[in-house]
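query_22.txt follows; it contains compact mmCIF, C-alpha atoms and all ligand atoms.
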```txt
# COMPACT_ATOMS: atom_id res chain seq x y z
CA MET F 29 0.00 0.00 0.00
CA GLU F 30 2.65 2.49 1.19
CA LYS F 31 4.83 1.70 -1.89
CA SER F 32 2.18 2.99 -4.29
CA ARG F 33 2.50 6.56 -3.01
CA PRO F 34 4.46 9.09 -5.04
CA TYR F 35 8.12 9.83 -4.23
CA VAL F 36 8.17 13.07 -2.21
CA ILE F 37 10.86 15.75 -2.64
CA LEU F 38 10.60 18.76 -0.34
CA SER F 39 12.22 21.90 -1.71
CA ALA F 40 12.75 25.38 -0.27
CA ALA F 41 15.04 28.38 -0.14
CA ILE F 42 15.94 29.28 3.43
CA SER F 43 17.80 32.11 5.11
CA ILE F 44 20.94 31.38 7.17
CA ASP F 45 18.65 31.35 10.22
CA GLY F 46 16.23 28.83 8.73
CA LYS F 47 13.36 31.12 7.71
CA ILE F 48 11.53 30.80 4.41
CA ALA F 49 10.04 34.30 4.46
CA THR F 50 10.40 37.60 6.28
CA ARG F 51 7.88 38.53 8.96
CA THR F 52 5.98 40.41 6.25
CA GLY F 53 5.87 37.33 4.00
CA ARG F 54 8.60 38.20 1.48
CA SER F 55 10.11 34.97 0.24
CA ASN F 56 12.06 35.65 -2.96
CA LEU F 57 15.34 34.44 -1.44
CA SER F 58 16.81 32.49 -4.37
CA SER F 59 19.26 33.91 -6.90
CA LYS F 60 18.55 33.60 -10.65
CA LYS F 61 20.91 30.59 -10.81
CA ASP F 62 19.04 28.87 -8.02
CA LEU F 63 15.70 29.56 -9.70
CA ILE F 64 17.01 27.86 -12.85
CA ARG F 65 17.96 24.83 -10.72
CA VAL F 66 14.48 24.82 -9.10
CA HIS F 67 12.75 25.02 -12.48
CA ASN F 68 14.85 22.09 -13.75
CA LEU F 69 13.67 20.21 -10.68
CA ARG F 70 10.03 21.23 -11.35
CA LYS F 71 10.14 19.89 -14.89
CA SER F 72 11.37 16.51 -13.56
CA VAL F 73 8.30 15.92 -11.37
CA ASP F 74 4.68 15.06 -12.09
CA ALA F 75 3.18 17.48 -9.58
CA ILE F 76 4.04 20.46 -7.34
CA LEU F 77 2.17 20.83 -4.06
CA ILE F 78 1.80 23.91 -1.83
CA GLY F 79 -0.44 25.16 0.99
CA LYS F 80 -3.10 27.81 0.55
CA ASN F 81 -1.25 30.51 2.57
CA THR F 82 1.55 30.45 0.02
CA VAL F 83 -1.01 31.04 -2.74
CA ASN F 84 -2.57 33.90 -0.76
CA ILE F 85 0.76 35.54 0.14
CA ASP F 86 3.00 34.87 -2.90
CA ASN F 87 0.38 34.38 -5.62
CA PRO F 88 2.81 32.05 -7.47
CA SER F 89 2.35 30.69 -11.00
CA LEU F 90 4.00 27.36 -10.08
CA THR F 91 5.11 26.85 -13.66
CA VAL F 92 8.36 25.97 -15.44
CA ARG F 93 9.55 29.32 -16.80
CA HIS F 94 13.31 29.71 -16.37
CA VAL F 95 14.04 26.59 -18.45
CA LYS F 96 12.18 24.78 -21.21
CA GLY F 97 9.96 21.96 -20.04
CA LYS F 98 6.51 20.68 -19.26
CA ASN F 99 4.53 22.23 -16.43
CA PRO F 100 3.73 19.73 -13.67
CA ILE F 101 0.22 19.41 -12.27
CA ARG F 102 -0.36 21.94 -9.47
CA VAL F 103 -1.83 20.69 -6.20
CA ILE F 104 -3.07 23.18 -3.58
CA LEU F 105 -4.04 22.22 -0.03
CA ASP F 106 -7.03 24.41 0.83
CA PRO F 107 -9.27 22.56 3.33
CA SER F 108 -11.99 25.24 3.41
CA GLY F 109 -11.90 25.90 -0.35
CA SER F 110 -11.24 29.58 0.28
CA LEU F 111 -8.84 30.43 -2.57
CA SER F 112 -9.54 33.55 -4.54
CA PRO F 113 -10.75 32.93 -8.12
CA ARG F 114 -8.37 35.78 -9.03
CA SER F 115 -5.23 33.95 -7.84
CA LYS F 116 -2.79 33.09 -10.66
CA VAL F 117 -3.12 29.33 -10.15
CA ILE F 118 -6.90 29.52 -10.54
CA ARG F 119 -6.85 32.03 -13.41
CA THR F 120 -4.62 29.65 -15.39
CA ALA F 121 -6.32 26.40 -14.28
CA LYS F 122 -7.90 25.76 -17.68
CA LYS F 123 -4.43 25.67 -19.28
CA ILE F 124 -2.40 23.99 -16.53
CA PRO F 125 -4.02 21.14 -14.58
CA THR F 126 -4.69 22.39 -11.05
CA ILE F 127 -6.03 20.23 -8.25
CA LEU F 128 -7.61 21.81 -5.21
CA VAL F 129 -7.52 19.52 -2.17
CA VAL F 130 -10.39 20.34 0.17
CA SER F 131 -12.02 18.79 3.23
CA GLU F 132 -15.60 17.59 3.46
CA ASN F 133 -16.44 20.90 5.18
CA ALA F 134 -15.30 23.08 2.25
CA SER F 135 -17.30 26.20 1.43
CA ARG F 136 -19.44 26.74 -1.66
CA ASN F 137 -16.66 28.94 -3.05
CA VAL F 138 -15.26 25.66 -4.41
CA GLU F 139 -17.95 25.78 -7.11
CA ASN F 140 -16.51 29.11 -8.37
CA LEU F 141 -13.04 27.59 -8.48
CA VAL F 142 -14.28 24.55 -10.40
CA ALA F 143 -16.00 26.88 -12.88
CA LYS F 144 -12.58 28.46 -13.47
CA GLY F 145 -11.10 25.05 -14.34
CA ALA F 146 -9.81 23.67 -11.03
CA GLN F 147 -10.23 19.97 -10.30
CA VAL F 148 -11.19 18.99 -6.75
CA ILE F 149 -10.14 16.15 -4.47
CA LYS F 150 -12.06 15.84 -1.18
CA CYS F 151 -9.80 14.22 1.37
CA GLY F 152 -10.42 14.37 5.11
CA LYS F 153 -13.18 15.58 7.42
CA LYS F 154 -11.73 18.94 8.57
CA LYS F 155 -7.99 18.57 8.01
CA ILE F 156 -6.48 17.01 4.91
CA ASN F 157 -5.32 13.43 5.26
CA ILE F 158 -1.96 13.65 3.48
CA LYS F 159 -1.31 9.90 3.44
CA LYS F 160 -4.65 9.27 1.79
CA LEU F 161 -4.07 12.17 -0.60
CA LEU F 162 -0.76 10.68 -1.75
CA GLN F 163 -2.47 7.33 -2.39
CA ILE F 164 -5.11 9.10 -4.51
CA LEU F 165 -2.46 11.07 -6.45
CA GLY F 166 -0.48 7.85 -6.96
CA LYS F 167 -3.53 6.19 -8.49
CA ARG F 168 -3.83 9.17 -10.85
CA GLY F 169 -0.36 8.40 -12.21
CA ILE F 170 1.65 10.89 -10.14
CA LYS F 171 4.98 9.21 -9.36
CA ARG F 172 7.12 12.15 -8.20
CA ILE F 173 5.83 15.12 -6.28
CA LEU F 174 7.61 18.31 -5.25
CA VAL F 175 6.43 19.88 -2.00
CA GLU F 176 7.25 23.60 -2.11
CA GLY F 177 5.92 24.75 1.28
CA GLY F 178 5.10 26.79 3.17
CA GLY F 179 6.24 25.81 6.64
CA THR F 180 2.86 24.47 7.80
CA THR F 181 2.47 22.22 4.78
CA ASN F 182 6.06 21.03 5.20
CA TRP F 183 5.31 20.09 8.82
CA TYR F 184 2.40 17.82 7.85
CA PHE F 185 4.67 15.91 5.46
CA PHE F 186 7.45 15.52 8.06
CA LYS F 187 4.95 14.60 10.79
CA GLU F 188 3.62 11.73 8.69
CA LYS F 189 7.18 10.69 7.68
CA LEU F 190 6.35 11.18 4.02
CA VAL F 191 9.49 13.06 2.91
CA ASP F 192 11.93 11.01 0.78
CA GLU F 193 14.30 13.86 -0.16
CA ILE F 194 14.97 17.39 1.07
CA ILE F 195 16.63 19.95 -1.19
CA VAL F 196 17.21 23.29 0.53
CA THR F 197 19.17 26.25 -0.69
CA VAL F 198 20.78 28.20 2.12
CA THR F 199 20.72 31.79 0.88
CA PRO F 200 22.97 34.53 2.32
CA TYR F 201 20.35 36.35 4.37
CA VAL F 202 19.45 36.60 8.04
CA LEU F 203 15.77 37.38 8.49
CA GLY F 204 14.99 36.86 12.17
CA GLY F 205 11.57 37.41 13.68
CA SER F 206 9.59 35.02 15.85
CA THR F 207 6.59 35.35 13.53
CA ALA F 208 8.62 34.85 10.32
CA ILE F 209 7.80 31.41 8.87
CA SER F 210 10.49 28.73 9.29
CA LEU F 211 11.20 25.80 6.96
CA VAL F 212 9.01 23.63 9.21
CA GLU F 213 6.20 25.03 11.36
CA GLY F 214 3.48 23.09 13.23
CA VAL F 215 3.97 21.84 16.80
CA GLY F 216 7.29 20.19 15.95
CA PHE F 217 8.90 16.98 17.19
CA GLU F 218 9.59 16.35 20.85
CA ASN F 219 12.79 14.38 20.30
CA ILE F 220 15.84 14.65 18.05
CA SER F 221 15.13 11.50 16.07
CA ASN F 222 13.92 12.57 12.64
CA SER F 223 17.22 12.44 10.75
CA PHE F 224 18.18 12.44 7.06
CA LYS F 225 21.41 11.50 5.30
CA LEU F 226 23.45 14.21 3.57
CA LYS F 227 23.81 13.08 -0.05
CA LYS F 228 25.21 16.13 -1.84
CA ILE F 229 26.34 19.72 -1.25
CA LYS F 230 26.74 22.25 -4.01
CA LYS F 231 28.09 25.77 -3.60
CA ILE F 232 26.77 28.29 -6.10
CA GLN F 233 28.37 31.68 -5.43
CA ASN F 234 26.78 32.83 -2.15
CA GLU F 235 24.39 29.91 -1.83
CA LEU F 236 24.68 26.32 -0.64
CA VAL F 237 22.35 23.68 -2.04
CA LEU F 238 21.94 20.88 0.50
CA HIS F 239 20.55 17.58 -0.63
CA TYR F 240 19.36 15.10 2.02
CA VAL F 241 17.68 11.71 1.61
CA SER F 242 15.65 9.68 4.10
N1 LIG W 301 11.31 30.31 0.68
C1 LIG W 301 10.56 29.35 0.18
O1 LIG W 301 11.10 28.42 -0.46
C2 LIG W 301 9.07 29.36 0.38
C3 LIG W 301 8.30 28.39 -0.27
C4 LIG W 301 6.92 28.38 -0.05
C5 LIG W 301 6.35 29.30 0.81
N2 LIG W 301 7.11 30.24 1.41
C6 LIG W 301 6.50 31.20 2.35
O2 LIG W 301 5.80 30.49 3.36
C7 LIG W 301 4.78 31.33 3.87
C8 LIG W 301 3.49 30.53 4.02
O3 LIG W 301 3.72 29.44 4.87
P1 LIG W 301 2.59 28.94 5.90
O4 LIG W 301 3.23 27.94 6.78
O5 LIG W 301 1.93 30.12 6.52
O6 LIG W 301 1.47 28.33 4.98
P2 LIG W 301 1.29 27.17 3.87
O7 LIG W 301 1.97 25.94 4.28
O8 LIG W 301 1.54 27.75 2.54
O9 LIG W 301 -0.29 26.97 3.97
C9 LIG W 301 -0.80 26.49 5.18
C10 LIG W 301 -2.26 26.19 5.06
O10 LIG W 301 -2.48 25.15 4.12
C11 LIG W 301 -3.47 24.30 4.60
N3 LIG W 301 -2.83 22.98 4.86
C12 LIG W 301 -1.57 22.59 4.66
N4 LIG W 301 -1.41 21.29 5.00
C13 LIG W 301 -2.60 20.87 5.45
C14 LIG W 301 -3.09 19.64 5.96
N5 LIG W 301 -2.37 18.56 6.06
N6 LIG W 301 -4.36 19.59 6.35
C15 LIG W 301 -5.13 20.68 6.25
N7 LIG W 301 -4.74 21.86 5.76
C16 LIG W 301 -3.48 21.94 5.36
C17 LIG W 301 -4.00 24.90 5.89
O11 LIG W 301 -5.10 25.72 5.56
P3 LIG W 301 -6.21 26.17 6.67
O12 LIG W 301 -5.57 27.24 7.45
O13 LIG W 301 -7.36 26.63 5.85
O14 LIG W 301 -6.51 24.97 7.51
C18 LIG W 301 -2.81 25.69 6.37
O15 LIG W 301 -3.10 26.76 7.20
C19 LIG W 301 4.62 32.48 2.91
O16 LIG W 301 5.14 33.67 3.48
C20 LIG W 301 5.46 32.07 1.71
O17 LIG W 301 6.04 33.20 1.10
C21 LIG W 301 8.46 30.29 1.21
```
Translate the structure described by the file into structure tokens.
Ligand SMILES: NC(=O)c1ccc[n+]([C@@H]2O[C@H](COP(=O)([O-])OP(=O)(O)OC[C@H]3O[C@@H](n4cnc5c(N)ncnc54)[C@H](OP(=O)(O)O)[C@@H]3O)[C@@H](O)[C@H]2O)c1
Amino acid sequence: MEKSRPYVILSAAISIDGKIATRTGRSNLSSKKDLIRVHNLRKSVDAILIGKNTVNIDNPSLTVRHVKGKNPIRVILDPSGSLSPRSKVIRTAKKIPTILVVSENASRNVENLVAKGAQVIKCGKKKINIKKLLQILGKRGIKRILVEGGGTTNWYFFKEKLVDEIIVTVTPYVLGGSTAISLVEGVGFENISNSFKLKKIKKIQNELVLHYVS
């Protein structure tokens, strides 16, 4: 059963102090070279997954733009179905397959999002059951999935031990701030037991790309 789930790669750009955004939500930490690397990674996966706060704050396109290649399917975790129909991912949902993952309690706004071209997966009563979601995505032919945050979404994947690879770029910034989002949010682990093996390190000018595997 477990084997049929997609392979999960978690990717992010972090500051030296482990934040993925400033306290005001600015998150464009990567250099142009790093963005090219990320877009090469995007074109190698079947789907990219993010949480709804990242859509609301960054309004990303989640496409392959800095290199040539096919756009992966976009998967957005939005339990209440509250995304704006004006967000870029929804406005382009008729051209690029976009799956909205909602709970059984989702609002009627979901109908507006479907009218704009989004597909919907209902998965979980109030929260989203990530394990079940991965099984569903696996059955739809998704073999490799890139989790691109934010910190809350990342936590759910670590909590359920569903991360096979971590690729983080340490960028040369210190952001600070107790309310600034870290690579992993949520309640966190109690013990120091959740370890990964360092597979590769690459230095690109002022950045370090760290590649860990489970
Ligand atoms: N530097 C980087 O590489 C990078 C990458 C991505 C994002 N970011 C930054 O990260 C920040 C956003 O991070 P964030 O932690 O606030 O939010 P997030 O992870 O983008 O979204 C969190 C929301 O997604 C929903 N969600 C995620 N997993 C769920 C689950 N298993 N079950 C139910 N709902 C789930 C929840 O919605 P509900 O609240 O409706 O329950 C949750 O509040 C932004 O500032 C963005 O710029 C940085």
ask   = At a cut-off of 12 Å from (26.2, 30.6, 9.0) in the coordinates of the file, what residues are picked up using all atoms listed in the file, written as a PyMOL selection string?
value = chain F and resi 42-46+198-202+234-236
May I have the residues within 8 Å of ligand LIG 301 (chain W), computed using only C-alpha atoms and all ligand atoms, as a compact mmCIF listing (two decimals) with C-alpha atoms, in the frame of the given file?
```
# COMPACT_ATOMS: atom_id res chain seq x y z
CA SER F 39 12.22 21.90 -1.71
CA ALA F 40 12.75 25.38 -0.27
CA ALA F 41 15.04 28.38 -0.14
CA ILE F 42 15.94 29.28 3.43
CA LYS F 47 13.36 31.12 7.71
CA ILE F 48 11.53 30.80 4.41
CA ALA F 49 10.04 34.30 4.46
CA THR F 50 10.40 37.60 6.28
CA ARG F 51 7.88 38.53 8.96
CA THR F 52 5.98 40.41 6.25
CA GLY F 53 5.87 37.33 4.00
CA ARG F 54 8.60 38.20 1.48
CA SER F 55 10.11 34.97 0.24
CA ASN F 56 12.06 35.65 -2.96
CA LEU F 57 15.34 34.44 -1.44
CA SER F 58 16.81 32.49 -4.37
CA ILE F 78 1.80 23.91 -1.83
CA GLY F 79 -0.44 25.16 0.99
CA LYS F 80 -3.10 27.81 0.55
CA ASN F 81 -1.25 30.51 2.57
CA THR F 82 1.55 30.45 0.02
CA VAL F 83 -1.01 31.04 -2.74
CA ILE F 85 0.76 35.54 0.14
CA ASP F 86 3.00 34.87 -2.90
CA ILE F 104 -3.07 23.18 -3.58
CA LEU F 105 -4.04 22.22 -0.03
CA ASP F 106 -7.03 24.41 0.83
CA PRO F 107 -9.27 22.56 3.33
CA SER F 108 -11.99 25.24 3.41
CA GLY F 109 -11.90 25.90 -0.35
CA SER F 110 -11.24 29.58 0.28
CA SER F 131 -12.02 18.79 3.23
CA LYS F 154 -11.73 18.94 8.57
CA LYS F 155 -7.99 18.57 8.01
CA ILE F 156 -6.48 17.01 4.91
CA ASN F 157 -5.32 13.43 5.26
CA ILE F 158 -1.96 13.65 3.48
CA GLU F 176 7.25 23.60 -2.11
CA GLY F 177 5.92 24.75 1.28
CA GLY F 178 5.10 26.79 3.17
CA GLY F 179 6.24 25.81 6.64
CA THR F 180 2.86 24.47 7.80
CA THR F 181 2.47 22.22 4.78
CA ASN F 182 6.06 21.03 5.20
CA TRP F 183 5.31 20.09 8.82
CA TYR F 184 2.40 17.82 7.85
CA PHE F 185 4.67 15.91 5.46
CA ALA F 208 8.62 34.85 10.32
CA ILE F 209 7.80 31.41 8.87
CA SER F 210 10.49 28.73 9.29
CA LEU F 211 11.20 25.80 6.96
CA VAL F 212 9.01 23.63 9.21
CA GLU F 213 6.20 25.03 11.36
```
inquiry  = I need the residue nearest F:Leu63 from this list: F:Val95, F:Val241, F:Gly205, F:Ile220. Use all atoms listed in the file for the distance.
reply    = F:Val95
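Among F:Lys150, F:Lys144, F:His239, F:Arg93, the residue with the shortest atom-to-atom distance to F:Ile118, counting all atoms listed in the file, is F:Lys144.
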All file atoms of stretch 212-229 of chain F boxed axis-aligned, 8 Å per side, centre plus edges, as lines of an AutoDock Vina configuration file:
```
center_x = 14.9
center_y = 18.3
center_z = 9.5
size_x = 38.9
size_y = 29.5
size_z = 38.7
```
query = Just how far from atom CA of F:Ile124 is atom CA of F:Lys187, in Å to one decimal?
reply =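 Computing the Euclidean distance for atom CA of F:Lys187 and atom CA of F:Ile124 yields 29.8 Å.
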Interatomic distance, atom CA of F:Phe217 to atom CA of F:Ile170 (Å, one decimal) = 28.9 Å
remark   = From atom CA of F:Val138 to atom CA of F:Leu111 the spacing works out at 8.2 Å
Neighbour list for F:Ile173 as a list in words, cut-off 7 Å, only C-alpha atoms, skip fewer than 5 positions in-chain =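 Counting only the stated atoms, we get Pro34, Tyr35, Val36, Ile37, Val73, Asp74, Ala75 and Ile76 of chain F.
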query = Hey, which of F:Cys151, F:Val117, F:Val130, F:Ala143 ends up closest to F:Pro88? Count all atoms listed in the file.
reply =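 Selected residue with least distance to F:Pro88: F:Val117.
With all atoms listed in the file as the basis for measurement, F:Ser242 is the residue among F:Gly204, F:Leu162, F:Lys96, F:Ser242 that approaches F:Lys189 most closely.
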inquiry  = With only C-alpha atoms as the counted atoms, please give the residues lying no more than 7 Å from F:Val148, apart from itself and same-chain residues fewer than 3 positions off, as an MDAnalysis selection string.
reply    = chainID F and resid 127:129
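In terms of minimum interatomic distance to F:Ile229, F:Ile195 ranks closest within F:Val66, F:Ile195, F:Val215, F:Ala146, counting only C-alpha atoms.
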F:Arg65 environment, 9 Å, all atoms listed in the file, sequence neighbours closer than 4 positions dropped, as a PyMOL selection string = chain F and resi 60-61+69-70+94-95
ask   = Nearest to F:Leu190: which of F:Ser221, F:Gln163, F:Ser206, F:Asn133 is it, counting all atoms listed in the file?
value =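 Of F:Ser221, F:Gln163, F:Ser206, F:Asn133, the one nearest F:Leu190 is F:Gln163, counting all atoms listed in the file.
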